[in-house]
$ cat model.pdb   # PDB, C-alpha atoms
ATOM      1  CA  MET P   4     128.038  29.602 -61.576
ATOM      2  CA  GLU P   5     128.610  27.778 -58.284
ATOM      3  CA  THR P   6     126.512  28.928 -55.352
ATOM      4  CA  MET P   7     126.705  28.712 -51.581
ATOM      5  CA  LYS P   8     124.369  29.099 -48.629
ATOM      6  CA  ALA P   9     124.459  32.477 -46.861
ATOM      7  CA  ALA P  10     122.479  33.872 -43.924
ATOM      8  CA  VAL P  11     121.302  37.407 -44.689
ATOM      9  CA  ILE P  12     119.386  39.836 -42.474
ATOM     10  CA  THR P  13     116.674  40.940 -44.895
ATOM     11  CA  GLU P  14     114.625  43.049 -42.491
ATOM     12  CA  VAL P  15     114.442  43.754 -38.776
ATOM     13  CA  GLY P  16     113.805  40.443 -37.024
ATOM     14  CA  THR P  17     114.266  38.294 -40.129
ATOM     15  CA  VAL P  18     117.230  36.239 -41.332
ATOM     16  CA  GLN P  19     116.961  34.309 -44.581
ATOM     17  CA  VAL P  20     119.298  31.566 -45.776
ATOM     18  CA  GLN P  21     119.833  32.274 -49.464
ATOM     19  CA  ASP P  22     121.728  30.736 -52.356
ATOM     20  CA  ILE P  23     124.251  33.281 -53.625
ATOM     21  CA  PRO P  24     127.239  32.987 -55.987
ATOM     22  CA  ILE P  25     130.566  31.976 -54.491
ATOM     23  CA  PRO P  26     132.766  35.080 -54.961
ATOM     24  CA  GLU P  27     135.558  34.812 -57.484
ATOM     25  CA  LEU P  28     139.156  35.180 -56.364
ATOM     26  CA  GLY P  29     140.947  38.437 -57.048
ATOM     27  CA  PRO P  30     144.601  39.406 -56.558
ATOM     28  CA  ARG P  31     146.034  38.395 -53.153
ATOM     29  CA  GLU P  32     142.803  36.575 -52.263
ATOM     30  CA  VAL P  33     142.032  33.103 -50.958
ATOM     31  CA  LEU P  34     138.839  31.079 -50.664
ATOM     32  CA  VAL P  35     138.092  29.887 -47.144
ATOM     33  CA  LYS P  36     135.580  27.197 -46.251
ATOM     34  CA  ILE P  37     134.017  28.624 -43.104
ATOM     35  CA  GLY P  38     134.258  26.343 -40.076
ATOM     36  CA  ALA P  39     132.465  28.680 -37.672
ATOM     37  CA  ALA P  40     131.127  32.231 -37.716
ATOM     38  CA  SER P  41     130.323  33.923 -34.425
ATOM     39  CA  ILE P  42     127.516  36.485 -34.173
ATOM     40  CA  CYS P  43     128.775  39.863 -32.960
ATOM     41  CA  SER P  44     126.728  42.426 -31.036
ATOM     42  CA  TRP P  45     126.893  44.618 -34.188
ATOM     43  CA  GLU P  46     124.948  42.042 -36.163
ATOM     44  CA  GLN P  47     122.642  41.391 -33.226
ATOM     45  CA  ARG P  48     121.824  45.124 -32.970
ATOM     46  CA  THR P  49     121.139  45.143 -36.705
ATOM     47  CA  PHE P  50     118.761  42.194 -36.319
ATOM     48  CA  VAL P  51     116.695  43.939 -33.618
ATOM     49  CA  GLY P  52     116.815  47.345 -35.332
ATOM     50  CA  LYS P  53     119.042  49.222 -32.858
ATOM     51  CA  GLN P  54     121.696  49.752 -35.520
ATOM     52  CA  LYS P  55     120.948  50.436 -39.178
ATOM     53  CA  PRO P  56     123.826  49.679 -41.559
ATOM     54  CA  GLY P  57     121.346  49.094 -44.386
ATOM     55  CA  LEU P  58     119.267  46.088 -45.322
ATOM     56  CA  PRO P  59     119.637  43.440 -46.562
ATOM     57  CA  PHE P  60     122.796  42.998 -44.496
ATOM     58  CA  PHE P  61     125.302  40.201 -45.139
ATOM     59  CA  GLY P  62     126.958  39.893 -41.731
ATOM     60  CA  GLY P  63     129.698  37.740 -40.320
ATOM     61  CA  HIS P  64     133.195  39.017 -39.453
ATOM     62  CA  GLU P  65     134.195  36.637 -36.630
ATOM     63  CA  ASN P  66     135.348  33.708 -38.738
ATOM     64  CA  ALA P  67     137.661  30.710 -38.846
ATOM     65  CA  GLY P  68     137.970  28.030 -41.468
ATOM     66  CA  GLU P  69     140.112  26.112 -43.939
ATOM     67  CA  VAL P  70     141.780  27.585 -46.993
ATOM     68  CA  VAL P  71     140.557  25.615 -50.027
ATOM     69  CA  ALA P  72     141.849  27.695 -52.953
ATOM     70  CA  VAL P  73     144.280  30.575 -53.536
ATOM     71  CA  ALA P  74     144.762  33.098 -56.317
ATOM     72  CA  GLU P  75     147.867  33.041 -58.460
ATOM     73  CA  GLY P  76     150.724  34.730 -56.648
ATOM     74  CA  VAL P  77     149.506  34.027 -53.090
ATOM     75  CA  ARG P  78     152.510  32.944 -51.043
ATOM     76  CA  THR P  79     151.680  33.176 -47.325
ATOM     77  CA  VAL P  80     148.887  30.585 -47.119
ATOM     78  CA  LYS P  81     148.029  27.403 -48.985
ATOM     79  CA  PRO P  82     145.073  25.028 -49.333
ATOM     80  CA  GLY P  83     144.606  23.007 -46.180
ATOM     81  CA  ASP P  84     145.713  25.771 -43.805
ATOM     82  CA  ARG P  85     143.391  26.343 -40.833
ATOM     83  CA  VAL P  86     143.105  30.079 -40.236
ATOM     84  CA  THR P  87     141.267  32.863 -38.494
ATOM     85  CA  LEU P  88     140.155  35.783 -40.633
ATOM     86  CA  GLY P  89     141.211  39.248 -39.574
ATOM     87  CA  PRO P  90     142.072  42.711 -40.848
ATOM     88  CA  THR P  91     144.059  43.489 -43.973
ATOM     89  CA  GLN P  92     146.134  46.452 -45.116
ATOM     90  CA  CYS P  93     147.417  48.192 -48.226
ATOM     91  CA  GLY P  94     150.862  48.643 -46.664
ATOM     92  CA  THR P  95     151.513  52.051 -48.215
ATOM     93  CA  CYS P  96     149.104  54.571 -46.655
ATOM     94  CA  ARG P  97     149.973  56.809 -43.712
ATOM     95  CA  ALA P  98     148.186  54.530 -41.209
ATOM     96  CA  CYS P  99     150.023  51.420 -42.408
ATOM     97  CA  LEU P 100     153.400  53.144 -42.416
ATOM     98  CA  ARG P 101     152.826  54.244 -38.818
ATOM     99  CA  GLY P 102     151.883  50.711 -37.731
ATOM    100  CA  GLU P 103     148.290  51.844 -37.150
ATOM    101  CA  ASP P 104     146.718  49.839 -39.941
ATOM    102  CA  LYS P 105     143.244  49.998 -38.380
ATOM    103  CA  GLY P 106     143.027  53.360 -40.132
ATOM    104  CA  CYS P 107     143.833  51.861 -43.544
ATOM    105  CA  PRO P 108     141.027  52.067 -46.135
ATOM    106  CA  GLU P 109     141.591  48.369 -46.879
ATOM    107  CA  HIS P 110     141.466  47.312 -43.225
ATOM    108  CA  PHE P 111     138.000  45.743 -43.299
ATOM    109  CA  GLN P 112     136.658  43.805 -46.267
ATOM    110  CA  TYR P 113     133.059  44.201 -47.431
ATOM    111  CA  PHE P 114     131.164  42.356 -50.112
ATOM    112  CA  SER P 115     128.182  43.542 -52.107
ATOM    113  CA  LEU P 116     124.947  41.608 -52.103
ATOM    114  CA  LYS P 117     122.841  41.718 -55.247
ATOM    115  CA  GLY P 118     119.985  44.176 -54.809
ATOM    116  CA  GLY P 119     121.124  45.255 -51.365
ATOM    117  CA  ASP P 120     123.756  46.678 -49.130
ATOM    118  CA  LEU P 121     127.208  45.567 -48.063
ATOM    119  CA  GLY P 122     128.495  43.330 -45.323
ATOM    120  CA  PRO P 123     131.553  41.374 -44.200
ATOM    121  CA  GLY P 124     130.030  38.194 -45.634
ATOM    122  CA  GLY P 125     131.081  35.517 -43.161
ATOM    123  CA  PHE P 126     127.674  33.982 -42.426
ATOM    124  CA  SER P 127     128.151  31.660 -45.368
ATOM    125  CA  GLU P 128     129.692  28.398 -46.474
ATOM    126  CA  TYR P 129     132.654  30.125 -48.104
ATOM    127  CA  LYS P 130     134.331  33.506 -47.854
ATOM    128  CA  VAL P 131     136.903  35.206 -50.044
ATOM    129  CA  HIS P 132     139.550  36.979 -47.977
ATOM    130  CA  ARG P 133     142.894  38.618 -48.601
ATOM    131  CA  GLU P 134     145.905  36.483 -47.785
ATOM    132  CA  ASP P 135     147.349  39.082 -45.378
ATOM    133  CA  GLY P 136     144.161  38.731 -43.304
ATOM    134  CA  CYS P 137     144.624  34.989 -42.748
ATOM    135  CA  PHE P 138     146.294  33.855 -39.513
ATOM    136  CA  PRO P 139     147.296  30.241 -38.763
ATOM    137  CA  VAL P 140     145.377  28.846 -35.787
ATOM    138  CA  GLY P 141     146.717  25.287 -35.667
ATOM    139  CA  ASP P 142     144.377  22.614 -34.362
ATOM    140  CA  ALA P 143     142.125  24.884 -32.293
ATOM    141  CA  PRO P 144     138.437  24.033 -32.791
ATOM    142  CA  TYR P 145     136.776  26.434 -35.194
ATOM    143  CA  GLU P 146     134.020  27.382 -32.730
ATOM    144  CA  LEU P 147     136.734  28.846 -30.478
ATOM    145  CA  ALA P 148     139.105  29.989 -33.228
ATOM    146  CA  CYS P 149     136.404  32.254 -34.667
ATOM    147  CA  LEU P 150     136.605  34.247 -31.423
ATOM    148  CA  ALA P 151     140.031  35.553 -32.440
ATOM    149  CA  GLU P 152     138.353  38.704 -33.775
ATOM    150  CA  PRO P 153     136.573  39.729 -30.545
ATOM    151  CA  LEU P 154     139.613  38.614 -28.540
ATOM    152  CA  SER P 155     141.791  40.865 -30.700
ATOM    153  CA  CYS P 156     139.597  43.826 -29.736
ATOM    154  CA  ALA P 157     140.390  43.203 -26.063
ATOM    155  CA  VAL P 158     144.096  42.719 -26.864
ATOM    156  CA  HIS P 159     143.946  46.029 -28.740
ATOM    157  CA  ALA P 160     142.303  47.861 -25.823
ATOM    158  CA  VAL P 161     144.766  46.566 -23.228
ATOM    159  CA  ARG P 162     147.694  47.492 -25.485
ATOM    160  CA  LEU P 163     146.397  51.015 -26.096
ATOM    161  CA  MET P 164     145.888  51.480 -22.356
ATOM    162  CA  GLY P 165     149.500  50.539 -21.712
ATOM    163  CA  MET P 166     148.521  48.063 -18.989
ATOM    164  CA  LYS P 167     151.338  45.972 -17.578
ATOM    165  CA  GLU P 168     152.068  43.375 -14.915
ATOM    166  CA  GLY P 169     151.390  44.682 -11.413
ATOM    167  CA  ASP P 170     148.854  47.325 -12.517
ATOM    168  CA  SER P 171     145.281  47.373 -11.258
ATOM    169  CA  ALA P 172     142.161  47.625 -13.386
ATOM    170  CA  VAL P 173     138.375  47.522 -13.192
ATOM    171  CA  VAL P 174     136.206  46.160 -15.999
ATOM    172  CA  PHE P 175     132.553  47.196 -15.959
ATOM    173  CA  GLY P 176     130.375  44.557 -17.610
ATOM    174  CA  ALA P 177     130.740  40.767 -17.521
ATOM    175  CA  GLY P 178     129.205  40.141 -20.929
ATOM    176  CA  PRO P 179     131.303  38.543 -23.677
ATOM    177  CA  MET P 180     133.493  41.589 -24.357
ATOM    178  CA  GLY P 181     133.853  42.534 -20.698
ATOM    179  CA  LEU P 182     134.889  38.988 -19.830
ATOM    180  CA  LEU P 183     137.362  38.940 -22.729
ATOM    181  CA  ASN P 184     138.927  42.188 -21.501
ATOM    182  CA  ALA P 185     139.174  40.765 -17.981
ATOM    183  CA  LEU P 186     140.791  37.561 -19.283
ATOM    184  CA  VAL P 187     143.356  39.500 -21.343
ATOM    185  CA  LEU P 188     144.167  41.788 -18.394
ATOM    186  CA  ASN P 189     144.494  38.784 -16.109
ATOM    187  CA  ALA P 190     146.801  37.051 -18.591
ATOM    188  CA  ALA P 191     148.969  40.179 -18.616
ATOM    189  CA  GLY P 192     149.431  39.994 -14.831
ATOM    190  CA  VAL P 193     147.070  42.870 -14.043
ATOM    191  CA  ASP P 194     145.059  42.815 -10.797
ATOM    192  CA  VAL P 195     141.578  43.014 -12.329
ATOM    193  CA  LEU P 196     138.179  43.511 -10.715
ATOM    194  CA  LEU P 197     135.128  42.574 -12.810
ATOM    195  CA  VAL P 198     131.900  44.451 -11.980
ATOM    196  CA  ASP P 199     128.423  43.448 -13.111
ATOM    197  CA  MET P 200     124.849  43.340 -11.814
ATOM    198  CA  ASP P 201     124.356  39.696 -12.862
ATOM    199  CA  GLU P 202     125.685  37.249 -10.266
ATOM    200  CA  GLU P 203     125.437  34.309 -12.684
ATOM    201  CA  ARG P 204     127.816  36.023 -15.106
ATOM    202  CA  LEU P 205     130.233  36.793 -12.289
ATOM    203  CA  GLU P 206     130.060  33.179 -11.133
ATOM    204  CA  LEU P 207     131.037  32.070 -14.639
ATOM    205  CA  ALA P 208     133.938  34.529 -14.600
ATOM    206  CA  ARG P 209     135.154  33.235 -11.233
ATOM    207  CA  ALA P 210     134.993  29.678 -12.526
ATOM    208  CA  ASN P 211     137.304  30.726 -15.349
ATOM    209  CA  GLY P 212     140.090  32.496 -13.505
ATOM    210  CA  ILE P 213     138.655  35.943 -12.699
ATOM    211  CA  SER P 214     138.554  35.582  -8.914
ATOM    212  CA  ASN P 215     138.021  39.262  -8.052
ATOM    213  CA  THR P 216     134.417  40.274  -8.789
ATOM    214  CA  LEU P 217     131.805  42.721  -7.521
ATOM    215  CA  CYS P 218     128.050  42.405  -7.962
ATOM    216  CA  SER P 219     126.492  45.857  -8.094
ATOM    217  CA  SER P 220     123.270  47.145  -9.649
ATOM    218  CA  GLY P 221     123.987  50.801  -8.904
ATOM    219  CA  ASP P 222     126.885  53.083  -8.055
ATOM    220  CA  ALA P 223     129.889  50.865  -7.281
ATOM    221  CA  VAL P 224     132.424  53.656  -6.671
ATOM    222  CA  GLU P 225     132.510  53.394  -2.871
ATOM    223  CA  ASP P 226     132.871  49.607  -2.885
ATOM    224  CA  ILE P 227     135.641  49.790  -5.484
ATOM    225  CA  LEU P 228     137.589  52.461  -3.609
ATOM    226  CA  GLN P 229     137.384  50.361  -0.448
ATOM    227  CA  ARG P 230     139.179  47.612  -2.327
ATOM    228  CA  TYR P 231     141.547  49.987  -4.144
ATOM    229  CA  PRO P 232     142.188  53.056  -1.968
ATOM    230  CA  GLY P 233     143.221  55.907  -4.234
ATOM    231  CA  GLY P 234     141.800  54.223  -7.332
ATOM    232  CA  VAL P 235     143.069  51.975 -10.107
ATOM    233  CA  ASP P 236     145.459  52.329 -13.028
ATOM    234  CA  GLY P 237     142.942  51.416 -15.696
ATOM    235  CA  VAL P 238     139.205  51.154 -16.287
ATOM    236  CA  VAL P 239     137.433  49.411 -19.172
ATOM    237  CA  THR P 240     133.769  50.272 -19.636
ATOM    238  CA  ALA P 241     132.324  47.341 -21.576
ATOM    239  CA  ILE P 242     128.826  48.791 -21.077
ATOM    240  CA  GLY P 243     127.743  51.761 -23.207
ATOM    241  CA  SER P 244     126.327  53.838 -20.339
ATOM    242  CA  ARG P 245     127.007  57.394 -19.178
ATOM    243  CA  ALA P 246     126.492  56.332 -15.544
ATOM    244  CA  VAL P 247     129.115  53.597 -15.906
ATOM    245  CA  ASN P 248     131.544  55.932 -17.696
ATOM    246  CA  GLU P 249     131.141  58.483 -14.885
ATOM    247  CA  GLN P 250     131.905  55.802 -12.290
ATOM    248  CA  GLY P 251     134.988  54.894 -14.277
ATOM    249  CA  LEU P 252     136.274  58.454 -14.084
ATOM    250  CA  LYS P 253     135.802  58.553 -10.305
ATOM    251  CA  ILE P 254     137.947  55.499  -9.597
ATOM    252  CA  LEU P 255     141.021  56.431 -11.652
ATOM    253  CA  GLN P 256     144.408  56.953 -10.075
ATOM    254  CA  PRO P 257     146.372  60.014 -11.244
ATOM    255  CA  ARG P 258     147.786  59.106 -14.678
ATOM    256  CA  GLY P 259     145.190  56.383 -14.961
ATOM    257  CA  THR P 260     143.424  55.477 -18.211
ATOM    258  CA  LEU P 261     139.714  55.146 -18.899
ATOM    259  CA  CYS P 262     138.966  53.043 -21.983
ATOM    260  CA  LEU P 263     135.542  53.603 -23.523
ATOM    261  CA  PHE P 264     135.243  50.145 -25.024
ATOM    262  CA  ALA P 265     131.504  49.768 -25.599
ATOM    263  CA  SER P 266     129.494  51.866 -28.017
ATOM    264  CA  ALA P 267     126.335  53.517 -26.663
ATOM    265  CA  HIS P 268     122.848  53.030 -28.097
ATOM    266  CA  PRO P 269     121.422  55.629 -27.656
ATOM    267  CA  VAL P 270     124.364  57.990 -27.316
ATOM    268  CA  GLU P 271     124.700  59.715 -23.934
ATOM    269  CA  PRO P 272     127.216  62.600 -23.708
ATOM    270  CA  LEU P 273     129.912  62.347 -21.043
ATOM    271  CA  GLU P 274     130.832  65.519 -19.141
ATOM    272  CA  VAL P 275     134.458  65.819 -18.037
ATOM    273  CA  ASP P 276     136.161  68.453 -15.875
ATOM    274  CA  PRO P 277     139.079  69.574 -18.076
ATOM    275  CA  ASN P 278     141.022  70.888 -15.073
ATOM    276  CA  TRP P 279     140.815  67.495 -13.383
ATOM    277  CA  VAL P 280     142.094  65.815 -16.544
ATOM    278  CA  HIS P 281     144.862  68.431 -16.696
ATOM    279  CA  ASN P 282     145.920  68.134 -13.063
ATOM    280  CA  ALA P 283     145.532  64.368 -12.647
ATOM    281  CA  GLU P 284     147.117  63.654 -16.051
ATOM    282  CA  VAL P 285     144.528  60.978 -16.768
ATOM    283  CA  ARG P 286     143.781  59.646 -20.237
ATOM    284  CA  ILE P 287     140.394  58.940 -21.769
ATOM    285  CA  ILE P 288     140.682  56.739 -24.849
ATOM    286  CA  GLY P 289     138.419  54.776 -27.136
ATOM    287  CA  ALA P 290     139.062  51.291 -28.445
ATOM    288  CA  VAL P 291     137.266  49.578 -31.294
ATOM    289  CA  SER P 292     138.311  46.743 -33.563
ATOM    290  CA  ALA P 293     142.054  45.974 -33.724
ATOM    291  CA  ASP P 294     145.273  46.386 -35.639
ATOM    292  CA  ILE P 295     146.703  43.428 -37.540
ATOM    293  CA  SER P 296     149.271  42.861 -34.794
ATOM    294  CA  ASP P 297     146.453  42.511 -32.247
ATOM    295  CA  HIS P 298     144.644  39.903 -34.347
ATOM    296  CA  ALA P 299     147.902  38.025 -34.860
ATOM    297  CA  ARG P 300     148.477  38.025 -31.101
ATOM    298  CA  ALA P 301     144.907  36.895 -30.373
ATOM    299  CA  THR P 302     145.215  34.012 -32.833
ATOM    300  CA  GLU P 303     148.550  33.060 -31.296
ATOM    301  CA  MET P 304     146.960  32.953 -27.829
ATOM    302  CA  ILE P 305     144.270  30.604 -29.118
ATOM    303  CA  ARG P 306     146.711  28.461 -31.108
ATOM    304  CA  ASN P 307     149.061  28.060 -28.128
ATOM    305  CA  GLY P 308     146.312  27.463 -25.564
ATOM    306  CA  GLU P 309     147.252  30.590 -23.599
ATOM    307  CA  ILE P 310     143.614  31.515 -23.008
ATOM    308  CA  ASP P 311     140.468  29.443 -22.534
ATOM    309  CA  LEU P 312     137.606  30.891 -24.586
ATOM    310  CA  SER P 313     135.153  28.062 -23.938
ATOM    311  CA  PRO P 314     133.096  30.159 -21.464
ATOM    312  CA  ILE P 315     132.576  32.782 -24.175
ATOM    313  CA  MET P 316     131.096  30.370 -26.729
ATOM    314  CA  GLU P 317     127.647  29.656 -25.317
ATOM    315  CA  LYS P 318     125.935  27.794 -28.156
ATOM    316  CA  THR P 319     126.272  26.794 -31.806
ATOM    317  CA  TYR P 320     123.652  26.475 -34.545
ATOM    318  CA  PRO P 321     123.772  25.080 -38.079
ATOM    319  CA  LEU P 322     123.850  27.836 -40.675
ATOM    320  CA  ASP P 323     120.344  26.958 -41.858
ATOM    321  CA  GLN P 324     119.063  27.738 -38.338
ATOM    322  CA  ALA P 325     120.387  31.301 -38.379
ATOM    323  CA  GLN P 326     116.940  32.734 -37.591
ATOM    324  CA  GLU P 327     116.754  30.641 -34.414
ATOM    325  CA  ALA P 328     120.303  31.666 -33.451
ATOM    326  CA  PHE P 329     119.513  35.374 -33.709
ATOM    327  CA  GLU P 330     116.252  34.933 -31.824
ATOM    328  CA  TYR P 331     118.103  33.089 -29.049
ATOM    329  CA  LEU P 332     120.612  35.933 -28.746
ATOM    330  CA  SER P 333     117.863  38.533 -28.695
ATOM    331  CA  ALA P 334     115.748  36.835 -26.042
ATOM    332  CA  LYS P 335     118.164  37.164 -23.123
ATOM    333  CA  PRO P 336     121.667  38.344 -22.215
ATOM    334  CA  SER P 337     123.993  35.861 -23.861
ATOM    335  CA  TYR P 338     127.627  35.257 -24.682
ATOM    336  CA  ARG P 339     128.706  34.315 -28.195
ATOM    337  CA  VAL P 340     126.671  32.101 -30.488
ATOM    338  CA  ALA P 341     128.248  30.660 -33.632
ATOM    339  CA  LEU P 342     126.807  29.535 -36.946
ATOM    340  CA  ILE P 343     128.338  26.311 -38.280
ATOM    341  CA  PRO P 344     127.967  25.868 -42.079
TER
END

$ encode --input "model.pdb" --output "structure tokens"
Amino acid sequence: METMKAAVITEVGTVQVQDIPIPELGPREVLVKIGAASICSWEQRTFVGKQKPGLPFFGGHENAGEVVAVAEGVRTVKPGDRVTLGPTQCGTCRACLRGEDKGCPEHFQYFSLKGGDLGPGGFSEYKVHREDGCFPVGDAPYELACLAEPLSCAVHAVRLMGMKEGDSAVVFGAGPMGLLNALVLNAAGVDVLLVDMDEERLELARANGISNTLCSSGDAVEDILQRYPGGVDGVVTAIGSRAVNEQGLKILQPRGTLCLFASAHPVEPLEVDPNWVHNAEVRIIGAVSADISDHARATEMIRNGEIDLSPIMEKTYPLDQAQEAFEYLSAKPSYRVALIP
């Protein structure tokens, strides 16, 4: 049986590069040689013990690579295609029929690891993926193409919020996901203000097209309302904090939308005045992951050069240095780091 190298989180603080069997192709599946696999905050939280999906954990769901083999009957991709890997669908359940395939049971693919738990399985030399989850990315470098998945999450959030050209929005948090949300809003013609306590992150954002920023380590409501009297149309909280969520509520225009984008660890309840929601007709929504259409759009943006993701990709490591990559991410606030098989 042929084997491949795979980086597996075996315990908190430890990543081992193991030899595991290359998965066999099933119906509708293709074998992709991974060109780059970005480390998500989910996997980073698992590494440091803040999130416990079960160990050992075979992470890796931000992937791009080359199709090298396809199962019989696969028609939409062929060997040699350069693709990003995204969500899949059954096509027949209620969620799929409503165009909300993120709710499909087959939306996210997991793979079992002998003697352990499950995981998306992209921190490896090869990955088996369904053909409907492969999206052509053209000649984009893999270390940027693998960011289609996190980019799709921002595309998803902006779409759910209903943001359009001429609207105003505030994004709290200039980390990788906050910056991605700001870039997608900016590309949509939205007047966006990016708020963070780290001036270096805001400087990076300004150097990459987000000219409107605010450095604040506390309550930013007054400063924001001075810039946007009456409030803004949309708020994205890319920091999982009750204090930030409360600030977001205070700066909404009537009929504005607050998007709770970041998960909270630990969870902090958010109190809301139901009469204010009723009278102001505001919306409070969550956004996580993406529908297939969002991933397709994100890949298209990368393929066509509509968005520059180079500021998001901070560093790359060979796959066999996965331990060092996770330690680097855990030592300081960072953007994305990718493993290159």

$ residues_near_point --input "model.pdb" --point "(119.9, 38.1, -28.9)" --cutoff "10 Å" --atoms "all atoms listed in the file" --output "PDB file with C-alpha atoms, in the coordinates of the input"
ATOM      1  CA  ILE P  42     127.516  36.485 -34.173  1.00  0.00           C
ATOM      2  CA  CYS P  43     128.775  39.863 -32.960  1.00  0.00           C
ATOM      3  CA  SER P  44     126.728  42.426 -31.036  1.00  0.00           C
ATOM      4  CA  GLU P  46     124.948  42.042 -36.163  1.00  0.00           C
ATOM      5  CA  GLN P  47     122.642  41.391 -33.226  1.00  0.00           C
ATOM      6  CA  ARG P  48     121.824  45.124 -32.970  1.00  0.00           C
ATOM      7  CA  PHE P  50     118.761  42.194 -36.319  1.00  0.00           C
ATOM      8  CA  VAL P  51     116.695  43.939 -33.618  1.00  0.00           C
ATOM      9  CA  GLU P 327     116.754  30.641 -34.414  1.00  0.00           C
ATOM     10  CA  ALA P 328     120.303  31.666 -33.451  1.00  0.00           C
ATOM     11  CA  PHE P 329     119.513  35.374 -33.709  1.00  0.00           C
ATOM     12  CA  GLU P 330     116.252  34.933 -31.824  1.00  0.00           C
ATOM     13  CA  TYR P 331     118.103  33.089 -29.049  1.00  0.00           C
ATOM     14  CA  LEU P 332     120.612  35.933 -28.746  1.00  0.00           C
ATOM     15  CA  SER P 333     117.863  38.533 -28.695  1.00  0.00           C
ATOM     16  CA  ALA P 334     115.748  36.835 -26.042  1.00  0.00           C
ATOM     17  CA  LYS P 335     118.164  37.164 -23.123  1.00  0.00           C
ATOM     18  CA  PRO P 336     121.667  38.344 -22.215  1.00  0.00           C
ATOM     19  CA  SER P 337     123.993  35.861 -23.861  1.00  0.00           C
ATOM     20  CA  TYR P 338     127.627  35.257 -24.682  1.00  0.00           C
ATOM     21  CA  ARG P 339     128.706  34.315 -28.195  1.00  0.00           C
ATOM     22  CA  VAL P 340     126.671  32.101 -30.488  1.00  0.00           C
TER      23      VAL P 340
END

$ residues_near_point --input "model.pdb" --point "(145.7, 39.5, -51.2)" --cutoff "9 Å" --atoms "only C-alpha atoms" --output "JSON, numbers by chain"
{"P": [29, 30, 31, 32, 33, 74, 76, 77, 91, 132, 133, 134, 135, 136]}

$ resolve_selection --input "model.pdb" --expression "the PyMOL selection byres ((chain P and resi 245) around 7)" --output "ChimeraX atom specification"
/P:243-244,246-249,271-273

$ closest_residue --input "model.pdb" --among "P:Pro153, P:Gly89, P:Thr49, P:Gly38" --to "His268 (chain P)" --atoms "only C-alpha atoms"
P:Thr49

$ atom_distance --input "model.pdb" --atom1 "CA of Gly212 (chain P)" --atom2 "CA of Leu183 (chain P)"
11.6 Å

$ build_atoms --input "model.pdb" --residues "region 331-344 of chain P" --atoms "N, CA and C atoms" --output "PDB file, in the coordinates of the input"
ATOM      1  N   TYR P 331     117.554  33.502 -30.343  1.00  0.00           N
ATOM      2  CA  TYR P 331     118.103  33.089 -29.049  1.00  0.00           C
ATOM      3  C   TYR P 331     118.927  34.221 -28.434  1.00  0.00           C
ATOM      4  N   LEU P 332     119.775  34.841 -29.242  1.00  0.00           N
ATOM      5  CA  LEU P 332     120.612  35.933 -28.746  1.00  0.00           C
ATOM      6  C   LEU P 332     119.784  37.131 -28.297  1.00  0.00           C
ATOM      7  N   SER P 333     118.672  37.356 -28.968  1.00  0.00           N
ATOM      8  CA  SER P 333     117.863  38.533 -28.695  1.00  0.00           C
ATOM      9  C   SER P 333     116.913  38.342 -27.520  1.00  0.00           C
ATOM     10  N   ALA P 334     116.730  37.109 -27.086  1.00  0.00           N
ATOM     11  CA  ALA P 334     115.748  36.835 -26.042  1.00  0.00           C
ATOM     12  C   ALA P 334     116.271  37.086 -24.638  1.00  0.00           C
ATOM     13  N   LYS P 335     117.594  37.017 -24.459  1.00  0.00           N
ATOM     14  CA  LYS P 335     118.164  37.164 -23.123  1.00  0.00           C
ATOM     15  C   LYS P 335     119.628  37.535 -23.239  1.00  0.00           C
ATOM     16  N   PRO P 336     120.223  38.068 -22.161  1.00  0.00           N
ATOM     17  CA  PRO P 336     121.667  38.344 -22.215  1.00  0.00           C
ATOM     18  C   PRO P 336     122.432  37.056 -22.457  1.00  0.00           C
ATOM     19  N   SER P 337     123.282  37.074 -23.473  1.00  0.00           N
ATOM     20  CA  SER P 337     123.993  35.861 -23.861  1.00  0.00           C
ATOM     21  C   SER P 337     125.451  36.172 -24.132  1.00  0.00           C
ATOM     22  N   TYR P 338     126.244  35.124 -24.241  1.00  0.00           N
ATOM     23  CA  TYR P 338     127.627  35.257 -24.682  1.00  0.00           C
ATOM     24  C   TYR P 338     127.638  35.057 -26.197  1.00  0.00           C
ATOM     25  N   ARG P 339     128.661  34.477 -26.756  1.00  0.00           N
ATOM     26  CA  ARG P 339     128.706  34.315 -28.195  1.00  0.00           C
ATOM     27  C   ARG P 339     127.947  33.063 -28.637  1.00  0.00           C
ATOM     28  N   VAL P 340     127.328  33.200 -29.804  1.00  0.00           N
ATOM     29  CA  VAL P 340     126.671  32.101 -30.488  1.00  0.00           C
ATOM     30  C   VAL P 340     127.287  32.023 -31.878  1.00  0.00           C
ATOM     31  N   ALA P 341     127.610  30.831 -32.333  1.00  0.00           N
ATOM     32  CA  ALA P 341     128.248  30.660 -33.632  1.00  0.00           C
ATOM     33  C   ALA P 341     127.358  29.903 -34.595  1.00  0.00           C
ATOM     34  N   LEU P 342     127.450  30.275 -35.867  1.00  0.00           N
ATOM     35  CA  LEU P 342     126.807  29.535 -36.946  1.00  0.00           C
ATOM     36  C   LEU P 342     127.829  28.591 -37.565  1.00  0.00           C
ATOM     37  N   ILE P 343     127.444  27.329 -37.738  1.00  0.00           N
ATOM     38  CA  ILE P 343     128.338  26.311 -38.280  1.00  0.00           C
ATOM     39  C   ILE P 343     127.797  25.889 -39.645  1.00  0.00           C
ATOM     40  N   PRO P 344     128.444  26.279 -40.749  1.00  0.00           N
ATOM     41  CA  PRO P 344     127.967  25.868 -42.079  1.00  0.00           C
ATOM     42  C   PRO P 344     127.959  24.354 -42.219  1.00  0.00           C
TER      43      PRO P 344
END
